[in-house]
Structure formats: C-alpha cells, structure tokens
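This report concerns only the one structure given below.
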Amino acid sequence: MSQTTIDPRSLRAPPRRPLRLSWSDERVRAIVWQVLVVGVIGAIVWWLWSNTVHNLEVRRIATGFGFLGREAGLPIAESLIEYSPTDTYLRALTVGLLNTLKVAVVGIVLATVLGTLIGIARLSKNWLLAKIAAVYVEVIRDLPLLLQLLFWYALLQGLPGPRQALQPVGGVFLSNRGLKLPWIEWQDAHSFALIAFLLGAVGTWLYRRAAIAKRMQDGRPRAVWPVAVGAMLVLPLAVWAALGAPWTIDWPALRGFNFRGGISMSPEYFALLLGLTLYTAGFIAEIVRAGILAVPHGQWEAAQALGLHPGQVLRQIVLPQALRVIVPPMTSQYLNITKNSSLAVAIGYQDIVSIANTTLNQTGQAIEGIAIIMLVYLTISLSISFFMNWYNARIALVER
C-alpha cells in the first residue's frame, strides 16, 4: 500500500500580492481610510486647542500649572497629612487626593465584606434571612445614590449634640459632630511591629510557594500555618515586647462643647462612606449570588458525600470556583465606588473634586483643574483594573 508524501513547500502560506496603487486593492483602501480618520481627528484636536488658547489670550487668563506653587488660602476641615491655608495649591490637592483614597479604599473593603455576606444570605435555607437579604438588595439598588447620601447626611445632622451623644458601646459616641472611636496611641514600637508583620507575611508567602513546589515533586504536604503563626504573630509580638510593649488606648471624652481624644469620623465622611458601602454592597451581593449559582450543584453533592458540612463546602470548594465568575464584574463595582465618591461635593466632604473646583474658581485655571481631576480618577481606575486583571489571571482555571 503506497503512502502519499506531502511536499512541505505546499504547506507554506501563499505569497503576498504586491501592493498596487489602485482603489480596487482593499489594502490601499484600508490605508486611505485610516489616514483620513487620523487626519480628521488630528484636525479637530488642533482646532479645539488653538481655539482654547486664543480665547484664553483674549481674556488674559494664564495657562499652565504654575499656580500649583502659589499659596492656597483654602481651609480644609480634615486631612491625613498636616495642612494649613498657607500651604500651596499642590499640597491642598494632595490632601484632596488622600481624602478620596480614604473613602475609596475603606469603602471597597467594607462593601466587599457586606456584599459577600448578603449574597450568601440570599441563598440561605432560612426563609426569613433570605427574604430580608432580597428586600435589602431590591430597595438599595432602586434608590439613587445621591438621594441616599443626602438621607444619611441629614440623619447624622439630626442626631443630638455632643453632650447628649448616643453611646451604643462603651467608648463609642455618635452625635451631630460625627462618630468618635477609641484609638491606640501610635508609637515607634507599633511601627516596628507592623514592619515585622509585613516581612512575616512576605516570608509566609514565599514559604507557601516553596512548599507547594516541593509537594509537586515528592507528593508530601507541608503545613504552612506554623510558619504563618510564627512569622505573622509571634515575630511582631516579640518585636513589640522587646521595645517595651506600649499599650495606651486614647479614649474619647467630652471636653467643653466637643470630644477630645480617640479617632473621629466627620459627619460628611461618615455619611459618604455609609452611603457608598450600603449602595455598592447591594450590587456586589448579586454578583456573589450569581457566582455561587454558576458552580454546578454536583460540587455540593460530591463534597457533602465526603462528609463536609455546608460551611466547609462553601469556603473550600464553591467560593474558589465562583471567583472566576465574581472577579470581572466586581472590578466594575470597585471602579464605581471610586468614581461615585465624587458625589461627596453634595454633602460637603472635601475630596479631590471639591478642592479642585475651589482651586479653579480662585485661580481661573479651569482647564488645568479639570485635567487634574481627570488624571486622578484615570490613574486610580487604571490601577484598580490592573490589579484586578492580574488577580483574575492568577485564579483562572488552566485547561490541560
């Protein structure tokens, strides 16, 4: 029986036709249309830029970012870094950026935890718990976020003054001045203990990777938790104890007409954080519920047949598989929290939008002010997207 031989040269791609300067050649048409589109866009951008520069010159408005070095004269109620009205506009905008990040980061963490719990509660076999979670999701998602922010701010403003402040827990005070919480007096020992904890976390992660690699070679599992306990608990405690083990709690107390001591959340920040967290948690709950339902029911049955209780099945089997469905839409919700924080201007919280608006009103640098706001939100959004895409790629299932 004869075998047919195939010439390897016949498997090569056919030679490309030479480019002909003719409208009948689709490659020529594609190049012409691309050049035309780029030219039109360039002409529009040039016209907008020249027209803007001309109007600014006519009105004798200076351009550029030189105003950032001038004295701001802008009071800011709360900031994470030291600030006074005699500082520059650049420092004022930095304070606004940090205030925005303070809301976005804390809101993302709280909304993720609350939304995950509500999403799981909607799938609970407890009828009452499932219905309460369902009502929360439907109500909170149907109300505009701005309306919710105004509601929480008005509610906080309606609370009694400091002398009649509500005290739900010892050392915690809630009044129209905001929320007061006890706090640890931060010292050098705490800073070194925190550094030791971070180094221990990195060491635990490296050990875990090495343990997994060795297990793939010899098949023997190696416990990671003893290393984690030693590196992330014992080591920081040892550093803290070696530096004197300071432990002083700063309790808030009423002094005159306001509280002194502890840590405080202003009504504006508290209302903004509460509104963003509750609103976004409703959407995250549905994402988590959809991700869990996307896992085949056979996974539950197989795990229960092995003797695992429902909590173990959810944590160790279902949620890890559901993450590949949950993470992509969760990225959009994290971006929404960051961008929706710009509504803070409606309740008087001084974030980057509020401070930039005041800056452009004082200096007349409207284009530069808007550009700074756009650059800040673009940078934050791209950073969140980059991190979530990296995490999504790490947890993705690899087909063999």
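Lettering and numbering for the structure tokens are positional, with chains as A, B, ... in the shown order, residues counted from 1 in each chain, and ligands counted from 1 in the shown order.
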
Give the strand (DSSP E) residues of stretch 196-336 of chain A, as DSSP finds them on the backbone, and put them as a ChimeraX atom specification. /A:249-250,253-255,258-260,263-265

With a distance cut-off of 9 Å and only C-alpha atoms, select the neighbouring residues of stretch 160-170 of chain A, excluding the residue or stretch itself and same-chain residues fewer than 5 positions from it, and output the selection as a ChimeraX atom specification. /A:175-177,254,256-259

Could you list, as a PyMOL selection string, every residue within 9 Å of A:Leu319, counting only C-alpha atoms and ignoring same-chain residues fewer than 3 positions away? chain A and resi 288+291-292+295+313-316+322-323

Next, write the just-selected residues to a file, as a short mmCIF file (atom, residue, chain, number, x, y, z; two decimals), in the first residue's frame, keeping N, CA and C atoms as the atom set.
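Generated file (again_16.cif):
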```
data_model
loop_
_atom_site.label_atom_id
_atom_site.label_comp_id
_atom_site.auth_asym_id
_atom_site.auth_seq_id
_atom_site.Cartn_x
_atom_site.Cartn_y
_atom_site.Cartn_z
N VAL A 288 -22.05 38.08 43.84
CA VAL A 288 -21.65 36.91 44.61
C VAL A 288 -22.68 35.79 44.47
N GLY A 291 -22.31 34.20 41.11
CA GLY A 291 -21.11 33.37 41.04
C GLY A 291 -21.29 32.04 41.74
N ILE A 292 -21.96 32.04 42.89
CA ILE A 292 -22.18 30.78 43.60
C ILE A 292 -23.13 29.88 42.82
N VAL A 295 -21.68 27.68 39.97
CA VAL A 295 -20.97 26.43 40.28
C VAL A 295 -21.96 25.28 40.19
N VAL A 313 -17.93 23.37 52.61
CA VAL A 313 -18.17 23.27 51.17
C VAL A 313 -18.14 24.66 50.52
N LEU A 314 -18.77 25.62 51.19
CA LEU A 314 -18.83 26.98 50.64
C LEU A 314 -17.45 27.61 50.59
N ARG A 315 -16.70 27.50 51.70
CA ARG A 315 -15.39 28.17 51.77
C ARG A 315 -14.33 27.49 50.93
N GLN A 316 -14.30 26.18 50.92
CA GLN A 316 -13.16 25.47 50.34
C GLN A 316 -13.41 24.97 48.92
N ALA A 322 -16.23 29.92 42.25
CA ALA A 322 -17.10 31.03 41.87
C ALA A 322 -16.31 32.31 41.60
N LEU A 323 -15.08 32.39 42.09
CA LEU A 323 -14.30 33.62 41.92
C LEU A 323 -14.08 33.97 40.46
#
```

Tell me which protein, DNA and RNA residues are within 6 Å of A:Gly178, counting only C-alpha atoms, leaving out same-chain ones fewer than 5 positions away, and put them as a PDB file with N, CA, C and O atoms, in the first residue's frame.
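Output contents, as saved in selection03.pdb:
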```
ATOM      1  N   MET A 265     -14.686  60.408  62.986  1.00  0.00           N
ATOM      2  CA  MET A 265     -15.172  60.458  61.610  1.00  0.00           C
ATOM      3  C   MET A 265     -16.145  61.620  61.522  1.00  0.00           C
ATOM      4  O   MET A 265     -17.145  61.649  62.248  1.00  0.00           O
ATOM      5  N   SER A 266     -15.873  62.547  60.642  1.00  0.00           N
ATOM      6  CA  SER A 266     -16.758  63.688  60.484  1.00  0.00           C
ATOM      7  C   SER A 266     -18.101  63.226  59.918  1.00  0.00           C
ATOM      8  O   SER A 266     -18.186  62.173  59.274  1.00  0.00           O
ATOM      9  N   PRO A 267     -19.174  63.990  60.138  1.00  0.00           N
ATOM     10  CA  PRO A 267     -20.473  63.594  59.561  1.00  0.00           C
ATOM     11  C   PRO A 267     -20.420  63.453  58.045  1.00  0.00           C
ATOM     12  O   PRO A 267     -21.083  62.568  57.481  1.00  0.00           O
TER      13      PRO A 267
END
```

Taking 2 positions as the minimum chain separation for residues in the same chain, which residues sit within 8 Å of stretch 335-351 of chain A when counting only C-alpha atoms? Answer as a PyMOL selection string. chain A and resi 76-78+95-101+103-104+107-108+146+149-150+153+268-269+272+276+280+331-333+353-355+377+380-381+384-385
